[in-house]
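The file data-v1.cif comes next; it holds mmCIF, C-alpha atoms.
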data_start
loop_
_atom_site.label_atom_id
_atom_site.label_comp_id
_atom_site.auth_asym_id
_atom_site.auth_seq_id
_atom_site.Cartn_x
_atom_site.Cartn_y
_atom_site.Cartn_z
CA MET A 1 78.09 125.61 116.98
CA SER A 2 75.01 123.49 116.39
CA LYS A 3 72.22 123.48 118.91
CA LYS A 4 71.97 120.28 120.93
CA GLN A 5 68.92 118.06 120.64
CA LYS A 6 66.73 118.09 123.74
CA ILE A 7 66.07 114.84 125.61
CA ILE A 8 63.91 114.49 128.72
CA VAL A 9 64.62 111.77 131.29
CA VAL A 10 62.05 110.68 133.89
CA LEU A 11 63.67 108.53 136.56
CA GLY A 12 63.23 107.37 140.12
CA PRO A 13 62.80 104.25 142.26
CA THR A 14 60.43 101.42 141.46
CA ALA A 15 56.71 102.12 142.12
CA SER A 16 57.21 105.90 142.19
CA GLY A 17 54.98 106.66 139.18
CA LYS A 18 57.53 107.22 136.38
CA SER A 19 55.41 105.71 133.58
CA ASP A 20 52.42 107.93 134.36
CA LEU A 21 54.56 111.07 134.49
CA GLY A 22 56.29 110.15 131.23
CA VAL A 23 52.95 109.78 129.45
CA LEU A 24 51.66 113.04 130.97
CA LEU A 25 54.72 114.94 129.71
CA ALA A 26 54.42 113.38 126.25
CA LEU A 27 50.72 114.32 126.06
CA ARG A 28 51.57 117.92 126.98
CA LEU A 29 54.32 118.06 124.34
CA ASN A 30 51.95 116.55 121.78
CA SER A 31 49.43 119.35 122.30
CA GLY A 32 49.07 121.95 119.57
CA GLN A 33 50.18 124.78 121.85
CA ALA A 34 53.38 123.02 122.95
CA LYS A 35 54.26 122.08 119.37
CA LYS A 36 53.99 125.75 118.40
CA ILE A 37 55.92 127.12 121.40
CA PHE A 38 58.80 124.62 121.21
CA ASN A 39 58.72 124.20 117.42
CA ILE A 40 58.43 120.41 117.69
CA LYS A 41 56.10 117.72 116.34
CA GLY A 42 55.54 116.07 119.72
CA ALA A 43 57.27 113.45 121.89
CA GLU A 44 57.74 109.69 122.12
CA ILE A 45 58.87 107.50 125.02
CA ILE A 46 61.84 105.15 125.31
CA SER A 47 61.62 102.65 128.17
CA ALA A 48 64.75 102.30 130.31
CA ASP A 49 63.83 99.16 132.22
CA SER A 50 66.10 96.10 132.16
CA ARG A 51 63.18 93.64 132.34
CA GLN A 52 60.46 95.29 130.28
CA VAL A 53 62.55 94.51 127.20
CA TYR A 54 61.39 90.87 127.54
CA ARG A 55 58.27 89.59 125.79
CA GLY A 56 55.76 87.93 128.12
CA LEU A 57 57.07 89.59 131.27
CA ASP A 58 54.17 91.99 131.68
CA ILE A 59 52.54 91.88 135.11
CA GLY A 60 55.73 91.19 137.06
CA THR A 61 57.58 94.09 135.45
CA GLY A 62 54.67 96.52 135.60
CA LYS A 63 54.84 96.99 131.84
CA ILE A 64 52.66 99.85 130.66
CA THR A 65 49.48 98.71 128.88
CA LYS A 66 48.17 100.02 125.55
CA ARG A 67 45.41 101.82 127.41
CA GLU A 68 47.87 103.48 129.81
CA MET A 69 50.05 104.61 126.89
CA LYS A 70 47.22 106.91 125.76
CA ALA A 71 48.34 106.55 122.11
CA ILE A 72 51.89 107.74 122.89
CA SER A 73 54.49 105.69 120.98
CA HIS A 74 56.72 103.61 123.29
CA HIS A 75 60.07 102.07 122.32
CA LEU A 76 62.26 99.29 123.79
CA LEU A 77 59.37 97.21 125.13
CA ASP A 78 59.06 93.52 124.14
CA VAL A 79 62.25 93.49 122.06
CA ALA A 80 63.85 90.33 123.47
CA SER A 81 63.04 86.71 124.25
CA PRO A 82 63.03 85.86 127.98
CA LYS A 83 65.00 82.72 127.14
CA LYS A 84 68.23 84.68 126.67
CA GLN A 85 70.03 87.37 128.65
CA PHE A 86 69.63 90.85 127.14
CA SER A 87 72.71 93.00 127.69
CA VAL A 88 73.15 96.73 128.26
CA THR A 89 75.22 96.77 125.04
CA GLN A 90 72.21 95.46 123.09
CA TYR A 91 69.99 97.99 124.87
CA GLN A 92 72.34 100.88 124.04
CA LYS A 93 72.36 99.94 120.34
CA LEU A 94 68.55 99.71 120.08
CA GLY A 95 68.06 102.77 122.29
CA LYS A 96 70.30 104.98 120.18
CA GLN A 97 68.46 103.81 117.08
CA ALA A 98 65.16 104.78 118.74
CA ILE A 99 66.51 108.23 119.70
CA SER A 100 67.63 108.80 116.10
CA LYS A 101 64.21 107.78 114.70
CA ILE A 102 62.33 110.06 117.13
CA ILE A 103 64.60 113.04 116.38
CA LYS A 104 64.20 112.53 112.62
CA LYS A 105 60.43 112.86 113.12
CA GLY A 106 61.04 116.25 114.73
CA LYS A 107 59.97 114.95 118.14
CA ILE A 108 61.55 114.95 121.60
CA PRO A 109 62.63 111.60 123.09
CA ILE A 110 61.50 111.02 126.68
CA ILE A 111 63.51 108.29 128.41
CA VAL A 112 61.50 106.76 131.25
CA GLY A 113 62.78 104.16 133.70
CA GLY A 114 64.64 103.15 136.81
CA THR A 115 67.66 101.29 135.42
CA GLY A 116 70.41 103.88 135.87
CA LEU A 117 72.98 102.11 133.71
CA TYR A 118 70.53 101.87 130.80
CA ILE A 119 69.68 105.58 131.03
CA ASP A 120 73.35 106.62 131.13
CA SER A 121 74.22 104.34 128.22
CA LEU A 122 71.90 106.46 126.06
CA ILE A 123 72.47 110.03 127.22
CA TYR A 124 76.26 109.85 127.47
CA ASP A 125 78.81 108.38 125.10
CA TYR A 126 79.08 105.63 127.69
CA PRO A 127 82.03 103.38 126.76
CA LEU A 128 80.62 99.89 127.16
CA PRO A 129 83.44 97.33 127.20
CA ASN A 130 83.62 94.97 124.24
CA VAL A 131 84.94 91.92 126.11
CA LYS A 132 84.69 88.51 124.46
CA PRO A 133 83.56 85.49 126.52
CA ASN A 134 86.37 83.82 128.45
CA PRO A 135 85.44 80.09 128.73
CA LYS A 136 88.31 79.29 131.11
CA LEU A 137 87.40 82.08 133.54
CA ARG A 138 83.70 81.26 133.32
CA LYS A 139 84.43 77.65 134.24
CA GLU A 140 86.30 78.83 137.34
CA LEU A 141 83.58 81.31 138.32
CA GLU A 142 80.82 78.70 137.90
CA LYS A 143 82.38 76.78 140.82
CA LEU A 144 81.61 79.70 143.16
CA SER A 145 78.28 80.20 144.88
CA THR A 146 76.12 83.17 143.84
CA GLU A 147 76.93 84.85 147.18
CA GLN A 148 80.66 84.40 146.59
CA LEU A 149 80.36 85.87 143.10
CA PHE A 150 78.58 88.94 144.46
CA THR A 151 81.15 89.39 147.25
CA ARG A 152 83.96 89.21 144.71
CA LEU A 153 82.25 91.82 142.54
CA GLN A 154 81.76 94.12 145.55
CA LYS A 155 85.49 93.99 146.22
CA ARG A 156 86.39 94.64 142.57
CA ASP A 157 83.75 97.27 141.69
CA SER A 158 81.39 98.43 144.45
CA ARG A 159 79.57 100.78 142.04
CA ARG A 160 78.63 97.97 139.67
CA ALA A 161 77.69 95.74 142.60
CA ALA A 162 75.27 98.40 143.87
CA ASN A 163 73.41 98.34 140.55
CA ILE A 164 73.25 94.62 139.82
CA ASP A 165 70.86 91.85 140.81
CA SER A 166 72.90 90.01 143.47
CA HIS A 167 71.07 86.73 142.64
CA ASN A 168 71.62 86.83 138.88
CA ARG A 169 74.53 84.45 138.26
CA PRO A 170 74.97 85.14 134.51
CA ARG A 171 75.13 88.91 135.10
CA LEU A 172 77.55 88.51 138.03
CA ILE A 173 79.83 86.22 136.00
CA ARG A 174 79.71 88.59 133.03
CA ALA A 175 80.56 91.59 135.24
CA LEU A 176 83.59 89.76 136.68
CA GLU A 177 84.58 88.64 133.19
CA ILE A 178 84.61 92.25 132.00
CA LEU A 179 86.61 93.39 135.04
CA SER A 180 89.19 90.67 134.37
CA GLU A 181 90.19 92.65 131.25
CA GLY A 182 91.04 95.71 133.34
CA PRO A 183 89.28 98.62 135.11
CA ILE A 184 86.31 100.28 133.43
CA PRO A 185 85.54 104.03 133.64
CA SER A 186 84.02 105.09 136.95
CA TYR A 187 80.44 106.36 137.10
CA GLU A 188 81.69 109.71 138.38
CA SER A 189 83.96 110.10 135.34
CA VAL A 190 81.01 109.34 133.06
CA LEU A 191 78.90 111.99 134.78
CA LYS A 192 81.66 114.56 134.24
CA LYS A 193 81.46 113.94 130.50
CA GLU A 194 79.34 116.31 128.48
CA SER A 195 76.32 114.67 126.93
CA PRO A 196 75.85 115.07 123.17
CA TYR A 197 72.27 116.06 124.06
CA ASP A 198 70.64 118.86 126.03
CA VAL A 199 69.29 116.61 128.80
CA ILE A 200 66.61 117.54 131.30
CA LYS A 201 66.51 114.98 134.13
CA ILE A 202 63.38 114.81 136.26
CA GLY A 203 63.54 112.55 139.31
CA ILE A 204 60.59 111.38 141.39
CA LYS A 205 61.46 111.28 145.07
CA LYS A 206 59.24 109.65 147.69
CA ASP A 207 59.34 109.61 151.47
CA PRO A 208 60.59 106.14 152.62
CA GLU A 209 57.31 105.26 154.34
CA GLU A 210 55.26 106.44 151.36
CA LEU A 211 57.44 104.38 149.02
CA LYS A 212 57.00 101.28 151.18
CA LEU A 213 53.23 101.75 150.99
CA LEU A 214 53.34 102.26 147.20
CA ILE A 215 55.42 99.08 146.81
CA LYS A 216 52.96 97.14 148.98
CA LYS A 217 49.91 98.40 147.05
CA ARG A 218 51.52 97.75 143.68
CA LEU A 219 52.52 94.21 144.66
CA GLU A 220 48.99 93.46 145.84
CA LYS A 221 47.64 94.83 142.54
CA ARG A 222 50.01 92.64 140.52
CA LEU A 223 48.94 89.56 142.45
CA ARG A 224 45.27 90.40 141.77
CA GLN A 225 46.09 90.89 138.09
CA GLY A 226 47.49 87.36 137.95
CA LEU A 227 51.24 87.51 138.56
CA VAL A 228 51.39 83.86 139.67
CA GLY A 229 49.38 82.81 136.61
CA GLU A 230 51.73 84.76 134.35
CA VAL A 231 54.71 82.81 135.69
CA GLU A 232 52.84 79.49 135.38
CA ASN A 233 52.02 80.37 131.76
CA LEU A 234 55.66 81.23 130.96
CA LEU A 235 56.73 77.86 132.36
CA LYS A 236 53.95 76.00 130.55
CA LYS A 237 54.97 77.54 127.20
CA LYS A 238 58.61 76.68 127.97
CA LEU A 239 59.59 80.32 127.51
CA VAL A 240 61.50 80.12 130.81
CA SER A 241 62.75 77.52 133.26
CA HIS A 242 62.80 77.87 137.04
CA LYS A 243 66.54 78.48 136.73
CA ARG A 244 65.90 81.34 134.30
CA LEU A 245 63.18 82.79 136.56
CA GLU A 246 65.81 83.15 139.30
CA GLU A 247 67.64 85.52 136.92
CA LEU A 248 64.65 87.61 135.84
CA GLY A 249 64.26 89.77 138.91
CA LEU A 250 62.53 89.70 142.25
CA GLU A 251 58.89 89.05 141.36
CA TYR A 252 59.73 86.13 139.06
CA ARG A 253 62.33 84.69 141.43
CA TYR A 254 60.02 84.56 144.46
CA VAL A 255 56.95 83.37 142.55
CA SER A 256 59.12 80.57 141.17
CA ARG A 257 60.20 79.62 144.68
CA HIS A 258 56.57 79.64 145.81
CA LEU A 259 55.55 77.41 142.88
CA ARG A 260 58.38 75.01 143.75
CA GLY A 261 56.98 74.74 147.29
CA GLU A 262 59.93 76.49 148.93
CA MET A 263 57.69 79.12 150.56
CA THR A 264 54.04 79.81 151.21
CA LYS A 265 52.21 82.60 149.40
CA LYS A 266 52.31 84.73 152.55
CA GLU A 267 56.08 84.21 152.90
CA MET A 268 56.52 85.08 149.22
CA VAL A 269 54.60 88.35 149.61
CA GLU A 270 56.51 89.39 152.73
CA ALA A 271 59.87 88.57 151.13
CA LEU A 272 58.95 90.52 148.02
CA LYS A 273 57.89 93.65 149.91
CA LYS A 274 61.20 93.64 151.78
CA GLU A 275 63.40 92.89 148.76
CA ILE A 276 61.67 95.35 146.41
CA TYR A 277 62.19 98.14 148.95
CA LYS A 278 65.88 97.22 149.21
CA TYR A 279 66.09 97.40 145.43
CA ALA A 280 64.44 100.85 145.44
CA LYS A 281 67.06 102.05 147.93
CA ARG A 282 69.85 100.81 145.64
CA GLN A 283 68.27 102.68 142.73
CA MET A 284 68.26 105.89 144.76
CA THR A 285 71.93 105.35 145.74
CA TRP A 286 72.77 105.33 142.03
CA PHE A 287 70.68 108.43 141.20
CA LYS A 288 71.71 110.55 144.20
CA ARG A 289 75.24 110.93 142.83
CA ASP A 290 73.89 112.84 139.84
CA LYS A 291 73.56 116.52 140.76
CA GLU A 292 71.81 117.39 137.47
CA ILE A 293 68.56 115.63 138.48
CA ARG A 294 65.67 117.95 139.34
CA TRP A 295 63.74 116.12 142.04
CA ILE A 296 59.99 116.46 142.39
#
What is this file in structure tokens?
Amino acid sequence: MSKKQKIIVVLGPTASGKSDLGVLLALRLNSGQAKKIFNIKGAEIISADSRQVYRGLDIGTGKITKREMKAISHHLLDVASPKKQFSVTQYQKLGKQAISKIIKKGKIPIIVGGTGLYIDSLIYDYPLPNVKPNPKLRKELEKLSTEQLFTRLQKRDSRRAANIDSHNRPRLIRALEILSEGPIPSYESVLKKESPYDVIKIGIKKDPEELKLLIKKRLEKRLRQGLVGEVENLLKKKLVSHKRLEELGLEYRYVSRHLRGEMTKKEMVEALKKEIYKYAKRQMTWFKRDKEIRWI
């Protein structure tokens, strides 16, 4: 029986410090002593973030900078245009290619991120449904409000609903389109499957009040770094529309609403703090079902 390839996963809620820990682990594994002890040539990082795949979405997604990477190779950043939706199927394909490349170099892949579905699509033989677009169904679903779409998804698949952006119409419609073809494997059944890798999962857990403070500080930092300007620049370059910004996650959605005059800057900040914390709680709901995670 062949020995399984080791893979390290660093996961946790937004703002918990996953990127820093991932780089720290990679630096340790790249040291001469670690290379000798573990008989490896180092480590490289694969990002598991559903928005950091997009080019130009830097400040709002908290994308790691070249300086913060500390010369550690990072994969699955800036691989897609923000104009088009990037699917988990596309991510899985590119992610598995990255894992293969890293292993061929004799290094250990470190998957770092907070998008549970993306992580699982890489470490398990996760059967992603190959469902073709259904124009007739899409036409019917387009007549529903975003809230109605989300409610329908909750009734059909509460697990998927817990891990989806409830304001992202294209993703909601696609999820319902896939479910129209029949039930998909449950998350619990996926977790029971044996991974083709020897996976070490490290989870960062924060006290609720500490996490709220971290989210607040990080949001304030992003605003100082020029989050609003980043969105204005994306619009100016016609890389996104206001409609597309609604689909690109919380920071972009609320900055767009502020720029359209629907809310003041103060209202935007307060809404973001509240919604980002709700998102972090949903992330933890997903991760808590996995008993293999070693929490720190």
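Here the PyMOL selection byres ((chain A and resi 18) around 10) captures the residues A:Val9, A:Val10, A:Leu11, A:Gly12, A:Pro13, A:Thr14, A:Ala15, A:Ser16, A:Gly17, A:Ser19, A:Asp20, A:Leu21, A:Gly22, A:Val23, A:Leu24, A:Val112, A:Gly113, A:Gly114, A:Ile202, A:Gly203, A:Ile204.
Those DNA, RNA and protein residues that approach the point (65.2, 103.2, 125.9) to within 8 Å, considering only C-alpha atoms, are Ile45, Ile46, Ser47, Ala48, Asp49, His75, Leu76, Tyr91, Gln92, Leu94, Gly95, Lys96, Ala98, Ile111, Val112, Tyr118, Ile119 and Leu122 of chain A.
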Need to verify the contact set: Leu77 (chain A), 10 Å, all atoms listed in the file, exclusion of same-chain residues closer than 3 positions in sequence. Can you return it as a ChimeraX atom specification? /A:46-55,58,63-64,74,80
If you count all atoms listed in the file, which residues fall within 10 Å of Arg257 (chain A), apart from same-chain ones fewer than 5 positions away, as a PyMOL selection string? chain A and resi 242+245-246+252+262-265+268
Surrounding residues of Ala161 (chain A) excluding itself and chain neighbours under 2 positions, 12 Å, all atoms listed in the file, as a PyMOL selection string: chain A and resi 117+147+149-159+163-168+171-173+175-176+179+282-283+285-286
For a quick check of understanding, using only C-alpha atoms, which of A:Lys243, A:Lys273, A:Lys105, A:His258 has the smallest distance to Val228 (chain A)? A:His258
Taking only C-alpha atoms into account, name the residue in A:Leu250, A:Val255, A:Ile103, A:Val88 that is nearest to Leu223 (chain A). A:Val255
Interatomic distance (Å, one decimal) between CA of Ser87 (chain A) and CA of Thr115 (chain A): 12.4 Å
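For the pair CA of Ala280 (chain A) and CA of Gly60 (chain A), the interatomic distance is 15.5 Å.
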From the set A:Ser256, A:Glu220, A:Lys70, A:Asn130, which residue has the shortest atom-to-atom contact distance to Val240 (chain A), counting all atoms listed in the file? A:Ser256
